[in-house]
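Engineer: Okay, so here is work-v9.cif, and as you'll see once you scroll down, it has mmCIF, C-alpha atoms.
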```cif
data_protein
#
loop_
_atom_site.label_atom_id
_atom_site.label_comp_id
_atom_site.auth_asym_id
_atom_site.auth_seq_id
_atom_site.Cartn_x
_atom_site.Cartn_y
_atom_site.Cartn_z
CA MET A 337 0.00 0.00 0.00
CA LEU A 338 1.18 3.52 -0.61
CA GLY A 339 2.33 5.18 2.57
CA ARG A 340 3.72 8.63 3.17
CA ASN A 341 7.34 7.73 2.50
CA ALA A 342 9.13 5.16 0.41
CA VAL A 343 12.71 4.29 -0.39
CA ALA A 344 13.41 4.05 -4.10
CA LEU A 345 16.13 1.55 -4.89
CA SER A 346 18.05 0.73 -8.04
CA LEU A 347 18.78 -2.80 -6.94
CA ALA A 348 20.95 -4.04 -9.75
CA SER A 349 22.53 -2.64 -12.85
CA LEU A 350 23.89 -5.57 -14.84
CA LEU A 351 25.84 -4.99 -18.02
CA GLN A 352 26.22 -7.97 -20.34
CA GLY A 353 27.83 -8.59 -23.72
CA ALA A 354 25.49 -9.02 -26.72
CA GLN A 355 25.15 -8.55 -30.47
CA GLY A 356 22.82 -5.98 -32.04
CA PHE A 357 22.18 -3.39 -34.73
CA TYR A 358 21.32 0.31 -34.85
CA LEU A 359 18.34 2.19 -36.20
CA PRO A 360 18.88 4.34 -39.32
CA GLY A 361 19.52 7.98 -38.50
CA VAL A 362 20.67 7.27 -34.94
CA ASN A 363 24.37 7.80 -34.38
CA PRO A 364 25.79 5.09 -32.11
CA TYR A 365 27.97 6.15 -29.22
CA SER A 366 30.90 4.10 -27.97
CA PHE A 367 31.45 3.98 -24.20
CA ALA A 368 34.72 3.34 -22.42
CA GLU A 369 34.71 1.05 -19.42
CA GLY A 370 33.55 2.96 -16.34
CA GLU A 371 32.18 5.87 -18.39
CA ALA A 372 28.92 7.33 -17.11
CA VAL A 373 25.78 6.20 -18.96
CA LYS A 374 22.87 8.63 -18.76
CA LEU A 375 19.46 7.23 -17.90
CA LYS A 376 16.78 9.68 -19.02
CA VAL A 377 13.03 9.72 -18.45
CA ASN A 378 10.24 10.46 -20.91
CA LYS A 379 6.55 11.20 -20.42
CA MET A 380 4.46 8.47 -18.81
CA THR A 381 1.83 6.83 -20.99
CA SER A 382 -1.37 4.88 -20.38
CA GLN A 383 -3.43 2.67 -22.69
CA LYS A 384 -6.45 3.50 -20.54
CA THR A 385 -6.41 7.29 -20.80
CA LEU A 386 -4.17 7.78 -23.90
CA LEU A 387 -3.04 11.03 -22.24
CA PRO A 388 0.71 11.38 -21.60
CA VAL A 389 1.78 12.81 -18.25
CA ASP A 390 5.11 14.45 -17.41
CA TYR A 391 7.30 12.07 -15.40
CA TYR A 392 8.01 14.50 -12.57
CA ARG A 393 4.35 15.30 -11.97
CA LEU A 394 4.56 12.30 -9.66
CA PRO A 395 6.83 12.44 -6.60
CA PHE A 396 9.68 10.42 -8.10
CA CYS A 397 13.29 10.88 -7.03
CA GLN A 398 14.87 13.90 -8.74
CA PRO A 399 18.48 14.60 -9.71
CA GLU A 400 20.49 17.07 -7.70
CA GLY A 401 19.56 20.60 -8.76
CA GLY A 402 16.28 19.39 -10.26
CA PRO A 403 15.54 17.67 -13.59
CA LYS A 404 16.64 19.29 -16.84
CA MET A 405 15.43 18.82 -20.41
CA ASP A 406 17.75 16.43 -22.24
CA HIS A 407 16.79 15.99 -25.91
CA GLU A 408 19.52 14.44 -28.07
CA ASN A 409 18.04 14.79 -31.53
CA LEU A 410 15.45 16.76 -33.50
CA GLY A 411 13.19 13.72 -33.85
CA GLU A 412 12.61 13.54 -30.11
CA PHE A 413 11.61 17.18 -30.04
CA LEU A 414 9.29 16.94 -33.06
CA ALA A 415 7.62 13.84 -31.62
CA GLY A 416 6.57 15.87 -28.61
CA ASP A 417 8.69 13.84 -26.21
CA ARG A 418 9.56 15.44 -22.90
CA ILE A 419 12.88 13.84 -22.11
CA GLU A 420 14.51 14.87 -18.85
CA SER A 421 17.47 13.91 -16.72
CA SER A 422 17.22 11.43 -13.86
CA PRO A 423 19.17 10.70 -10.67
CA TYR A 424 20.06 7.13 -11.67
CA ARG A 425 23.80 6.38 -11.72
CA LEU A 426 25.05 3.90 -14.35
CA ASN A 427 28.56 3.19 -15.64
CA MET A 428 29.62 1.06 -18.59
CA LYS A 429 30.71 -2.48 -17.65
CA VAL A 430 30.28 -1.77 -13.94
CA ASP A 431 27.87 -4.06 -12.10
CA MET A 432 26.05 -2.24 -9.29
CA PHE A 433 23.93 -3.81 -6.58
CA CYS A 434 21.61 -2.51 -3.86
CA GLU A 435 22.01 1.14 -4.85
CA GLN A 436 19.58 3.42 -3.02
CA LEU A 437 18.18 6.46 -4.76
CA CYS A 438 16.17 8.62 -2.36
CA ILE A 439 13.41 8.77 0.24
CA THR A 440 10.30 10.39 -1.20
CA ASN A 441 6.89 11.36 0.15
CA LEU A 442 4.21 9.58 -1.87
CA GLY A 443 1.30 11.32 -0.17
CA ARG A 444 -1.30 10.00 2.23
CA GLY A 445 -2.01 6.29 2.32
CA GLU A 446 -4.92 4.86 0.38
CA GLN A 447 -8.05 4.86 2.56
CA LYS A 448 -11.73 4.30 1.97
CA GLY A 449 -13.64 7.55 1.59
CA VAL A 450 -10.45 9.59 1.06
CA SER A 451 -9.48 11.04 -2.31
CA PRO A 452 -6.48 9.05 -3.67
CA ASN A 453 -3.16 10.81 -4.16
CA LYS A 454 -1.54 11.32 -7.58
CA MET A 455 0.56 8.17 -7.37
CA VAL A 456 -2.47 5.97 -6.64
CA ARG A 457 -4.44 7.55 -9.49
CA ALA A 458 -1.56 6.94 -11.91
CA ILE A 459 -1.29 3.29 -10.88
CA ARG A 460 -5.04 2.72 -11.22
CA LYS A 461 -4.96 4.30 -14.67
CA ASN A 462 -2.19 1.89 -15.65
CA TYR A 463 0.47 4.52 -16.38
CA HIS A 464 3.85 3.25 -17.52
CA ASN A 465 7.30 4.78 -17.08
CA ASN A 466 9.30 5.28 -20.27
CA TRP A 467 13.02 5.42 -19.59
CA ILE A 468 15.78 5.85 -22.17
CA VAL A 469 19.45 4.89 -22.29
CA ASP A 470 21.56 5.96 -25.27
CA ASN A 471 18.43 6.55 -27.41
CA ILE A 472 17.16 3.05 -26.58
CA PRO A 473 13.76 2.93 -24.82
CA ALA A 474 13.36 0.61 -21.85
CA ALA A 475 11.44 -2.63 -22.11
CA SER A 476 10.06 -4.42 -19.06
CA LYS A 477 10.77 -8.10 -18.61
CA VAL A 478 8.01 -10.37 -17.29
CA GLU A 479 8.67 -14.01 -16.41
CA ASP A 480 5.78 -16.41 -17.00
CA ASP A 481 6.34 -19.54 -14.93
CA SER A 482 3.26 -21.31 -16.27
CA THR A 483 4.51 -21.31 -19.88
CA VAL A 484 8.23 -20.95 -19.08
CA THR A 485 8.56 -17.87 -21.27
CA THR A 486 9.90 -14.34 -20.94
CA ARG A 487 7.80 -11.50 -22.37
CA TYR A 488 8.83 -7.91 -23.02
CA TRP A 489 6.65 -4.79 -22.90
CA GLN A 490 7.33 -1.17 -23.79
CA GLY A 491 8.17 0.76 -20.64
CA PHE A 492 7.14 -0.59 -17.25
CA PRO A 493 4.18 0.08 -14.95
CA VAL A 494 4.39 2.66 -12.16
CA GLY A 495 2.84 0.11 -9.83
CA PHE A 496 0.14 -2.54 -9.58
CA ILE A 497 -3.18 -3.35 -7.92
CA ALA A 498 -2.95 -6.22 -5.43
CA THR A 499 -5.35 -9.07 -6.16
CA ASP A 500 -6.17 -9.62 -2.47
CA THR A 501 -6.50 -6.10 -0.99
CA LYS A 502 -7.38 -4.32 -4.28
CA LYS A 503 -5.05 -1.51 -3.18
CA ALA A 504 -2.37 0.24 -5.22
CA TYR A 505 1.30 -0.54 -4.63
CA VAL A 506 4.18 1.42 -6.15
CA HIS A 507 7.17 -0.29 -7.75
CA ASN A 508 9.91 0.98 -5.46
CA HIS A 509 12.65 -1.35 -6.75
CA VAL A 510 14.06 -1.92 -10.22
CA ASN A 511 16.55 -4.35 -11.68
CA ILE A 512 18.22 -2.58 -14.59
CA GLU A 513 19.91 -4.70 -17.25
CA ILE A 514 21.95 -3.19 -20.08
CA GLN A 515 23.43 -5.33 -22.84
CA TYR A 516 26.28 -4.17 -25.05
CA HIS A 517 28.71 -5.37 -27.68
CA ALA A 518 32.36 -4.57 -28.27
CA VAL A 519 33.30 -2.13 -31.04
CA GLU A 520 35.72 -3.75 -33.50
CA THR A 521 37.05 -0.43 -34.80
CA GLU A 522 37.46 1.13 -31.35
CA PRO A 523 39.49 -0.95 -28.91
CA ASN A 524 38.21 -1.09 -25.32
CA LYS A 525 34.92 0.56 -26.31
CA ALA A 526 31.38 -0.86 -26.23
CA ARG A 527 27.95 0.13 -27.57
CA ILE A 528 24.61 -0.42 -25.86
CA VAL A 529 22.17 -2.64 -27.76
CA ARG A 530 19.41 -3.45 -25.23
CA PHE A 531 17.92 -1.88 -22.11
CA THR A 532 15.47 -3.78 -19.87
CA VAL A 533 13.91 -2.96 -16.51
CA GLU A 534 12.36 -5.44 -14.10
CA PRO A 535 10.25 -3.55 -11.51
CA PHE A 536 8.98 -4.92 -8.22
CA SER A 537 7.66 -3.70 -4.89
CA ILE A 538 8.83 -4.39 -1.33
CA LYS A 539 7.58 -2.87 1.90
CA HIS A 540 10.63 -1.86 3.91
CA ASP A 541 11.12 -0.72 7.47
CA PHE A 542 13.83 1.93 7.37
CA GLU A 543 15.39 4.96 9.02
CA ALA A 544 16.87 7.89 7.14
CA SER A 545 20.66 7.80 7.00
CA ALA A 546 23.12 10.66 7.15
CA ASP A 547 25.31 8.78 4.66
CA ASP A 548 23.88 10.39 1.52
CA ASP A 549 26.94 12.12 0.10
CA ASP A 550 28.24 10.97 -3.30
CA ASP A 551 31.77 11.97 -2.31
CA ALA A 552 31.68 9.51 0.55
CA THR A 553 31.30 6.59 -1.84
CA GLU A 554 33.43 7.79 -4.74
CA GLY A 555 36.21 5.35 -5.62
CA THR A 556 34.84 2.60 -3.37
CA ASP A 557 32.55 -0.42 -3.74
CA LYS A 558 30.20 0.97 -1.10
CA PRO A 559 26.64 1.42 -2.46
CA PHE A 560 25.06 4.86 -2.40
CA LYS A 561 22.89 4.98 0.72
CA VAL A 562 20.08 7.23 1.98
CA ALA A 563 18.44 4.90 4.51
CA ASP A 564 19.22 2.09 6.93
CA ILE A 565 16.85 -0.68 5.89
CA GLN A 566 15.83 -2.94 8.74
CA ASN A 567 14.43 -5.74 6.56
CA PRO A 568 16.55 -5.85 3.36
CA ILE A 569 16.01 -8.50 0.74
CA GLU A 570 18.45 -11.39 1.05
CA SER A 571 20.77 -10.30 -1.77
CA CYS A 572 21.10 -6.82 -0.20
CA ASN A 573 21.75 -8.01 3.34
CA PRO A 574 25.26 -6.77 4.28
CA LYS A 575 25.65 -9.78 6.56
CA LEU A 576 25.50 -12.15 3.57
CA PRO A 577 28.34 -12.41 1.01
CA SER A 578 26.27 -12.97 -2.13
CA LYS A 579 24.95 -10.03 -4.16
CA GLU A 580 23.25 -12.02 -6.92
CA HIS A 581 19.60 -11.13 -7.67
#
```
Translate this file's structure into structure tokens.
Structural biologist:
Amino acid sequence: MLGRNAVALSLASLLQGAQGFYLPGVNPYSFAEGEAVKLKVNKMTSQKTLLPVDYYRLPFCQPEGGPKMDHENLGEFLAGDRIESSPYRLNMKVDMFCEQLCITNLGRGEQKGVSPNKMVRAIRKNYHNNWIVDNIPAASKVEDDSTVTTRYWQGFPVGFIATDTKKAYVHNHVNIEIQYHAVETEPNKARIVRFTVEPFSIKHDFEASADDDDDATEGTDKPFKVADIQNPIESCNPKLPSKEH
């Protein structure tokens, strides 16, 4: 259920080798190992309302100094896209686990007889986030155990409606997976060919942490941290050695 505060986590950023091709008219960019990879956000869309909504109209985590417009080509502008910067931190060929993003106020909890907040309304209208990495839009990955298949959808839902309580829950975790291939003509460089996001929701007990300074973690393997989570998932428990998701 949506409460007043939530911790947004980027649980895993996995970068894997792959083969791919590029769309005509889109100039590929070659990344060096460790180079920053920008994750940008576009307008949210819904097949129910067909009305796009600006990403930051909902109380999502924002980059330091506030979001900024970040169009990379004329086509994005002419298409009416509203592409903005995000606070997500990605680096080429660098696996990242259990990275925290921010603590954000989602508004009052969902209650009978009380007008729902903006996040709840967006979830009930089936709005999807549309993220972009290197001009490649995100696809969400859904595992189907009954047919042993993996399906992909454009973007990923802001949240979901629980089948038991019929209440809205926000996706406050994401597994980010970026696939790339090596560039034959540019040694030690790689190009991104696929970008997938696997969202999920976990109710955490947490306390705000004073350890929220990027400088404190620069040059170390210590994850960025904004909260001390009392009930972390197993792969993010500092007492356990494994970080596999």
Engineer: Quote the spacing between CA of Arg457 in chain A and CA of Val494 in chain A in Å to one decimal place.
Structural biologist: 10.4 Å
Engineer: For each of A:His517, A:Arg444, A:Lys575, A:His540, take the minimum atom-to-atom distance to Lys429 in chain A, counting only C-alpha atoms, then give the residue where this is smallest.
Structural biologist: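 Looking at the shortest contact to Lys429 in chain A, the residue is A:His517.
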Engineer: As a check of understanding, name the residues that the PyMOL selection byres ((chain A and resi 389) around 6) selects in the supplied structure, as a ChimeraX atom specification.
Structural biologist: /A:379-380,388,390
Engineer: Applied to this file, what does the PyMOL selection byres ((chain A and resi 462) around 8) return in terms of residues, put as a list in words?
Structural biologist: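 With the PyMOL selection byres ((chain A and resi 462) around 8) on this model, the match is Ser382, Gln383, Lys384, Ala458, Ile459, Arg460, Lys461, Tyr463, His464, Pro493, Val494, Gly495 and Phe496 of chain A.
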Engineer: Please write the residues from the selection above to a file, keeping C-alpha atoms, as a PDB file, in the coordinates of the input.
Structural biologist:
```pdb
ATOM      1  CA  SER A 382      -1.370   4.880 -20.380  1.00  0.00           C
ATOM      2  CA  GLN A 383      -3.430   2.670 -22.690  1.00  0.00           C
ATOM      3  CA  LYS A 384      -6.450   3.500 -20.540  1.00  0.00           C
ATOM      4  CA  ALA A 458      -1.560   6.940 -11.910  1.00  0.00           C
ATOM      5  CA  ILE A 459      -1.290   3.290 -10.880  1.00  0.00           C
ATOM      6  CA  ARG A 460      -5.040   2.720 -11.220  1.00  0.00           C
ATOM      7  CA  LYS A 461      -4.960   4.300 -14.670  1.00  0.00           C
ATOM      8  CA  TYR A 463       0.470   4.520 -16.380  1.00  0.00           C
ATOM      9  CA  HIS A 464       3.850   3.250 -17.520  1.00  0.00           C
ATOM     10  CA  PRO A 493       4.180   0.080 -14.950  1.00  0.00           C
ATOM     11  CA  VAL A 494       4.390   2.660 -12.160  1.00  0.00           C
ATOM     12  CA  GLY A 495       2.840   0.110  -9.830  1.00  0.00           C
ATOM     13  CA  PHE A 496       0.140  -2.540  -9.580  1.00  0.00           C
TER      14      PHE A 496
END
```
Engineer: Determine the residue set returned by the PyMOL selection byres ((chain A and resi 535) around 6) for the present structure, and present it as an NGL selection string.
Structural biologist: :A and (507 or 509-510 or 534 or 536)
Engineer: With distances taken over only C-alpha atoms, which residue among A:Ala526, A:Val519, A:Leu387, A:Leu426 lies nearest Ala368 in chain A?
Structural biologist: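 With only C-alpha atoms as the atom set, the closest residue is A:Ala526.
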